[in-house]
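A.B. asks: Got a file for you: model31.cif, mmCIF, C-alpha atoms.
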data_final
loop_
_atom_site.group_PDB
_atom_site.id
_atom_site.type_symbol
_atom_site.label_atom_id
_atom_site.label_comp_id
_atom_site.auth_asym_id
_atom_site.auth_seq_id
_atom_site.Cartn_x
_atom_site.Cartn_y
_atom_site.Cartn_z
ATOM 1 C CA MET A 1 21.871 -24.998 -8.163
ATOM 2 C CA THR A 2 22.257 -21.509 -9.569
ATOM 3 C CA ASP A 3 20.411 -20.086 -12.575
ATOM 4 C CA ARG A 4 23.581 -20.639 -14.624
ATOM 5 C CA ASP A 5 23.766 -24.276 -13.511
ATOM 6 C CA ASP A 6 20.102 -24.885 -14.310
ATOM 7 C CA PHE A 7 20.447 -23.228 -17.720
ATOM 8 C CA LEU A 8 23.570 -25.215 -18.571
ATOM 9 C CA ALA A 9 21.853 -28.467 -17.568
ATOM 10 C CA TRP A 10 18.932 -27.564 -19.872
ATOM 11 C CA VAL A 11 21.328 -26.785 -22.758
ATOM 12 C CA ARG A 12 23.113 -30.117 -22.288
ATOM 13 C CA THR A 13 19.906 -32.164 -22.149
ATOM 14 C CA ALA A 14 16.691 -30.750 -23.659
ATOM 15 C CA LEU A 15 18.365 -28.444 -26.184
ATOM 16 C CA TYR A 16 20.923 -31.079 -27.216
ATOM 17 C CA GLU A 17 18.198 -33.735 -27.630
ATOM 18 C CA ALA A 18 16.064 -31.346 -29.729
ATOM 19 C CA GLU A 19 18.958 -30.604 -32.090
ATOM 20 C CA LEU A 20 19.812 -34.300 -32.406
ATOM 21 C CA ALA A 21 16.160 -35.067 -33.233
ATOM 22 C CA LEU A 22 16.111 -32.303 -35.868
ATOM 23 C CA HIS A 23 19.159 -33.785 -37.573
ATOM 24 C CA ASN A 24 17.284 -37.098 -37.674
ATOM 25 C CA GLY A 25 14.308 -35.465 -39.428
ATOM 26 C CA ASN A 26 12.106 -34.612 -36.430
ATOM 27 C CA ALA A 27 11.607 -30.896 -35.749
ATOM 28 C CA ALA A 28 8.919 -31.349 -33.050
ATOM 29 C CA PRO A 29 11.347 -31.223 -30.090
ATOM 30 C CA ARG A 30 13.001 -28.078 -31.510
ATOM 31 C CA ARG A 31 9.628 -26.412 -32.046
ATOM 32 C CA ALA A 32 8.698 -27.189 -28.434
ATOM 33 C CA LEU A 33 11.766 -25.294 -27.185
ATOM 34 C CA TRP A 34 11.234 -22.208 -29.332
ATOM 35 C CA SER A 35 9.287 -19.203 -28.157
ATOM 36 C CA ARG A 36 5.785 -18.772 -29.523
ATOM 37 C CA ASN A 37 6.026 -15.061 -28.706
ATOM 38 C CA GLU A 38 7.353 -12.475 -31.136
ATOM 39 C CA PRO A 39 10.008 -11.535 -31.886
ATOM 40 C CA VAL A 40 11.724 -14.732 -33.025
ATOM 41 C CA SER A 41 14.331 -14.993 -35.757
ATOM 42 C CA VAL A 42 16.897 -17.216 -37.423
ATOM 43 C CA LEU A 43 19.893 -15.989 -39.361
ATOM 44 C CA GLY A 44 20.703 -19.428 -40.659
ATOM 45 C CA ALA A 45 23.567 -21.022 -42.493
ATOM 46 C CA TRP A 46 21.136 -22.024 -45.264
ATOM 47 C CA ARG A 47 18.093 -19.826 -44.739
ATOM 48 C CA THR A 48 16.937 -16.788 -42.772
ATOM 49 C CA ALA A 49 13.541 -16.462 -41.080
ATOM 50 C CA TYR A 50 11.791 -13.662 -39.216
ATOM 51 C CA GLY A 51 8.631 -14.180 -37.205
ATOM 52 C CA LEU A 52 6.743 -17.248 -36.053
ATOM 53 C CA GLN A 53 5.374 -18.227 -39.461
ATOM 54 C CA GLU A 54 8.723 -18.057 -41.265
ATOM 55 C CA VAL A 55 10.557 -19.817 -38.419
ATOM 56 C CA ASP A 56 8.001 -22.627 -38.471
ATOM 57 C CA GLN A 57 8.359 -22.938 -42.264
ATOM 58 C CA LEU A 58 12.133 -23.110 -41.833
ATOM 59 C CA PHE A 59 11.823 -25.901 -39.271
ATOM 60 C CA THR A 60 9.587 -27.834 -41.684
ATOM 61 C CA ALA A 61 12.163 -27.438 -44.459
ATOM 62 C CA LEU A 62 14.984 -28.575 -42.166
ATOM 63 C CA GLU A 63 12.935 -31.535 -40.970
ATOM 64 C CA GLU A 64 12.371 -32.586 -44.585
ATOM 65 C CA SER A 65 16.071 -32.155 -45.463
ATOM 66 C CA PHE A 66 17.820 -33.852 -42.527
ATOM 67 C CA SER A 67 18.022 -37.590 -41.825
ATOM 68 C CA ALA A 68 20.333 -40.346 -40.641
ATOM 69 C CA CYS A 69 22.362 -38.316 -38.155
ATOM 70 C CA THR A 70 25.417 -40.326 -37.157
ATOM 71 C CA SER A 71 27.017 -37.653 -34.980
ATOM 72 C CA TYR A 72 26.003 -34.367 -33.378
ATOM 73 C CA ARG A 73 28.116 -32.528 -30.829
ATOM 74 C CA PHE A 74 27.696 -29.006 -29.498
ATOM 75 C CA GLU A 75 31.020 -27.547 -28.397
ATOM 76 C CA LEU A 76 29.904 -24.820 -26.002
ATOM 77 C CA GLN A 77 32.415 -21.972 -25.996
ATOM 78 C CA ALA A 78 30.559 -19.316 -23.999
ATOM 79 C CA TYR A 79 27.253 -18.825 -22.259
ATOM 80 C CA GLY A 80 25.624 -16.473 -19.836
ATOM 81 C CA VAL A 81 22.435 -15.868 -17.903
ATOM 82 C CA SER A 82 21.126 -12.484 -16.801
ATOM 83 C CA GLY A 83 17.681 -12.541 -15.262
ATOM 84 C CA ASP A 84 15.250 -13.924 -17.833
ATOM 85 C CA MET A 85 17.718 -13.706 -20.738
ATOM 86 C CA ALA A 86 20.533 -16.070 -21.696
ATOM 87 C CA TYR A 87 22.825 -16.872 -24.603
ATOM 88 C CA THR A 88 25.044 -19.646 -25.898
ATOM 89 C CA ALA A 89 27.858 -19.521 -28.432
ATOM 90 C CA GLY A 90 29.662 -22.551 -29.753
ATOM 91 C CA LEU A 91 30.398 -24.942 -32.561
ATOM 92 C CA GLU A 92 27.981 -27.576 -33.820
ATOM 93 C CA HIS A 93 29.784 -30.577 -35.296
ATOM 94 C CA THR A 94 27.353 -32.663 -37.355
ATOM 95 C CA SER A 95 27.388 -35.726 -39.588
ATOM 96 C CA ALA A 96 23.987 -36.341 -41.154
ATOM 97 C CA SER A 97 22.306 -36.758 -44.496
ATOM 98 C CA VAL A 98 21.103 -33.525 -46.092
ATOM 99 C CA ASP A 99 18.625 -34.140 -48.893
ATOM 100 C CA GLY A 100 19.790 -37.758 -48.959
ATOM 101 C CA GLU A 101 23.504 -36.984 -49.249
ATOM 102 C CA PRO A 102 25.837 -37.728 -46.311
ATOM 103 C CA ARG A 103 27.537 -34.550 -45.072
ATOM 104 C CA THR A 104 29.882 -33.606 -42.279
ATOM 105 C CA TYR A 105 30.129 -29.962 -41.319
ATOM 106 C CA THR A 106 30.677 -27.509 -38.492
ATOM 107 C CA LEU A 107 28.521 -24.458 -37.814
ATOM 108 C CA ARG A 108 29.245 -21.531 -35.548
ATOM 109 C CA ALA A 109 26.003 -21.171 -33.599
ATOM 110 C CA THR A 110 24.880 -18.373 -31.304
ATOM 111 C CA GLN A 111 21.465 -18.469 -29.689
ATOM 112 C CA VAL A 112 19.503 -16.074 -27.493
ATOM 113 C CA TYR A 113 16.981 -17.378 -24.964
ATOM 114 C CA ARG A 114 14.318 -15.872 -22.790
ATOM 115 C CA ARG A 115 12.569 -17.378 -19.815
ATOM 116 C CA GLU A 116 8.829 -17.600 -20.388
ATOM 117 C CA ASP A 117 6.547 -18.958 -17.677
ATOM 118 C CA GLY A 118 9.593 -20.334 -15.874
ATOM 119 C CA ARG A 119 10.980 -22.230 -18.909
ATOM 120 C CA TRP A 120 13.816 -21.372 -21.259
ATOM 121 C CA LYS A 121 12.752 -20.726 -24.847
ATOM 122 C CA VAL A 122 14.894 -19.959 -27.882
ATOM 123 C CA ALA A 123 14.153 -16.536 -29.366
ATOM 124 C CA HIS A 124 16.981 -16.119 -31.875
ATOM 125 C CA ARG A 125 19.570 -18.263 -33.642
ATOM 126 C CA HIS A 126 22.491 -17.305 -35.800
ATOM 127 C CA GLY A 127 24.451 -20.041 -37.553
ATOM 128 C CA ASP A 128 27.098 -19.947 -40.198
ATOM 129 C CA ALA A 129 29.428 -22.518 -41.689
ATOM 130 C CA VAL A 130 33.008 -22.770 -40.542
ATOM 131 C CA THR A 131 35.247 -22.717 -43.574
ATOM 132 C CA GLU A 132 38.877 -23.721 -43.660
#
Could you write out this structure as structure tokens?
C.D. replies:
Amino acid sequence: MTDRDDFLAWVRTALYEAELALHNGNAAPRRALWSRNEPVSVLGAWRTAYGLQEVDQLFTALEESFSACTSYRFELQAYGVSGDMAYTAGLEHTSASVDGEPRTYTLRATQVYRREDGRWKVAHRHGDAVTE
């Protein structure tokens, strides 16, 4: 397998499973996939965070808000790998409860990854809502 193949397999398994868990109220798998090395950042659909402390606080808030995910699908539109850096861009289609209220929405999501100690870690995320 090539680096691209390995990265894509990781996106379709570990990353997908972490996002599904988050939307069911468990941020631990997402935290495990995020870099613990600065810089890290999120330009989120609901909240922005810079640095490890703010990103961790954001994950706690998301974990407390999300529950009862009935559907999560990541529609990968583009990705690339160059050495120890990679990116994904796509659409996240989600049906879950947010603060107890069922919601269905789509986010445009772009993420940047870096390989640390031989493992892919998320370093940056940008997400914004798709509006009609």
A.B. asks: Figure out the distance between CA of Gly90 in chain A and CA of Gln77 in chain A, please, to one decimal in Å.
C.D. replies: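 Computing it gives 4.7 Å between the two atoms.
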A.B. asks: Using all atoms listed in the file for the distances, tell me which of A:Val11, A:Leu62, A:Val55, A:Ala49 is nearest to Ser35 in chain A.
C.D. replies: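 Comparing A:Val11, A:Leu62, A:Val55, A:Ala49 against Ser35 in chain A, the winner is A:Val55.
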A.B. asks: For a quick check of understanding, using only C-alpha atoms, which of A:Gly80, A:Ala27, A:Gly118, A:Met85 has the smallest distance to Ala61 in chain A?
C.D. replies: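 Checking each candidate against Ala61 in chain A, we get A:Ala27 as the closest.
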A.B. asks: Of the candidates A:Ala86, A:Glu63, A:Gln111, A:Tyr105, which shows the shortest atom-to-atom distance to Asn24 in chain A, using all atoms listed in the file?
C.D. replies: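 Checking each of A:Ala86, A:Glu63, A:Gln111, A:Tyr105 against Asn24 in chain A, counting all atoms listed in the file, the winner is A:Glu63.
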A.B. asks: Using 5 Å of padding on each side, determine the axis-aligned box around all atoms of range 99-113 of chain A present in the file and give its centre and edge lengths in Å to one decimal, as AutoDock Vina command-line options.
C.D. replies:
--center_x 23.8 --center_y -26.9 --center_z -37.1 --size_x 23.7 --size_y 31.7 --size_z 34.3
A.B. asks: For a quick check of understanding, using all atoms listed in the file, which of A:Gln53, A:Thr60, A:Thr94, A:Ser82 has the smallest distance to Glu19 in chain A?
C.D. replies: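 Checking each of A:Gln53, A:Thr60, A:Thr94, A:Ser82 against Glu19 in chain A, counting all atoms listed in the file, the winner is A:Thr94.
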A.B. asks: On this structure, which residues satisfy the PyMOL selection byres ((chain A and resi 17) around 12), written as a PDB file with C-alpha atoms, in the coordinates of the input?
C.D. replies:
ATOM      1  CA  ALA A   9      21.853 -28.467 -17.568  1.00  0.00           C
ATOM      2  CA  TRP A  10      18.932 -27.564 -19.872  1.00  0.00           C
ATOM      3  CA  VAL A  11      21.328 -26.785 -22.758  1.00  0.00           C
ATOM      4  CA  ARG A  12      23.113 -30.117 -22.288  1.00  0.00           C
ATOM      5  CA  THR A  13      19.906 -32.164 -22.149  1.00  0.00           C
ATOM      6  CA  ALA A  14      16.691 -30.750 -23.659  1.00  0.00           C
ATOM      7  CA  LEU A  15      18.365 -28.444 -26.184  1.00  0.00           C
ATOM      8  CA  TYR A  16      20.923 -31.079 -27.216  1.00  0.00           C
ATOM      9  CA  ALA A  18      16.064 -31.346 -29.729  1.00  0.00           C
ATOM     10  CA  GLU A  19      18.958 -30.604 -32.090  1.00  0.00           C
ATOM     11  CA  LEU A  20      19.812 -34.300 -32.406  1.00  0.00           C
ATOM     12  CA  ALA A  21      16.160 -35.067 -33.233  1.00  0.00           C
ATOM     13  CA  LEU A  22      16.111 -32.303 -35.868  1.00  0.00           C
ATOM     14  CA  HIS A  23      19.159 -33.785 -37.573  1.00  0.00           C
ATOM     15  CA  ASN A  24      17.284 -37.098 -37.674  1.00  0.00           C
ATOM     16  CA  ASN A  26      12.106 -34.612 -36.430  1.00  0.00           C
ATOM     17  CA  ALA A  27      11.607 -30.896 -35.749  1.00  0.00           C
ATOM     18  CA  ALA A  28       8.919 -31.349 -33.050  1.00  0.00           C
ATOM     19  CA  PRO A  29      11.347 -31.223 -30.090  1.00  0.00           C
ATOM     20  CA  ARG A  30      13.001 -28.078 -31.510  1.00  0.00           C
ATOM     21  CA  ALA A  32       8.698 -27.189 -28.434  1.00  0.00           C
ATOM     22  CA  LEU A  33      11.766 -25.294 -27.185  1.00  0.00           C
ATOM     23  CA  TYR A  72      26.003 -34.367 -33.378  1.00  0.00           C
ATOM     24  CA  ARG A  73      28.116 -32.528 -30.829  1.00  0.00           C
ATOM     25  CA  PHE A  74      27.696 -29.006 -29.498  1.00  0.00           C
TER      26      PHE A  74
END
A.B. asks: Between A:Glu64, A:Lys121, A:Val40, A:Ala45, which has the minimum distance to Arg108 in chain A (counting all atoms listed in the file)?
C.D. replies: A:Ala45
A.B. asks: For CA of Ala89 in chain A and CA of Leu76 in chain A, quote the distance in Å rounded to one decimal.
C.D. replies: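 Separation between CA of Ala89 in chain A and CA of Leu76 in chain A: 6.2 Å.
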A.B. asks: Could you check how far CA of Thr106 in chain A sits from CA of His93 in chain A, in Å to one decimal?
C.D. replies: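 Taking CA of Thr106 in chain A and CA of His93 in chain A, their separation equals 4.5 Å.
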A.B. asks: Using the chain letters and numbers from the file, which residues does the PyMOL selection byres ((chain A and resi 117) around 12) grab, as a list of chain:residue names?
C.D. replies: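 For this structure, the PyMOL selection byres ((chain A and resi 117) around 12) resolves to A:Ser35, A:Arg36, A:Asn37, A:Asp84, A:Arg114, A:Arg115, A:Glu116, A:Gly118, A:Arg119, A:Trp120, A:Lys121.
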A.B. asks: Using only C-alpha atoms for the distances, tell me which of A:Tyr50, A:Val112, A:Met1, A:Pro39 is nearest to Val81 in chain A.
C.D. replies: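 Ranking A:Tyr50, A:Val112, A:Met1, A:Pro39 by distance to Val81 in chain A, first place goes to A:Val112.
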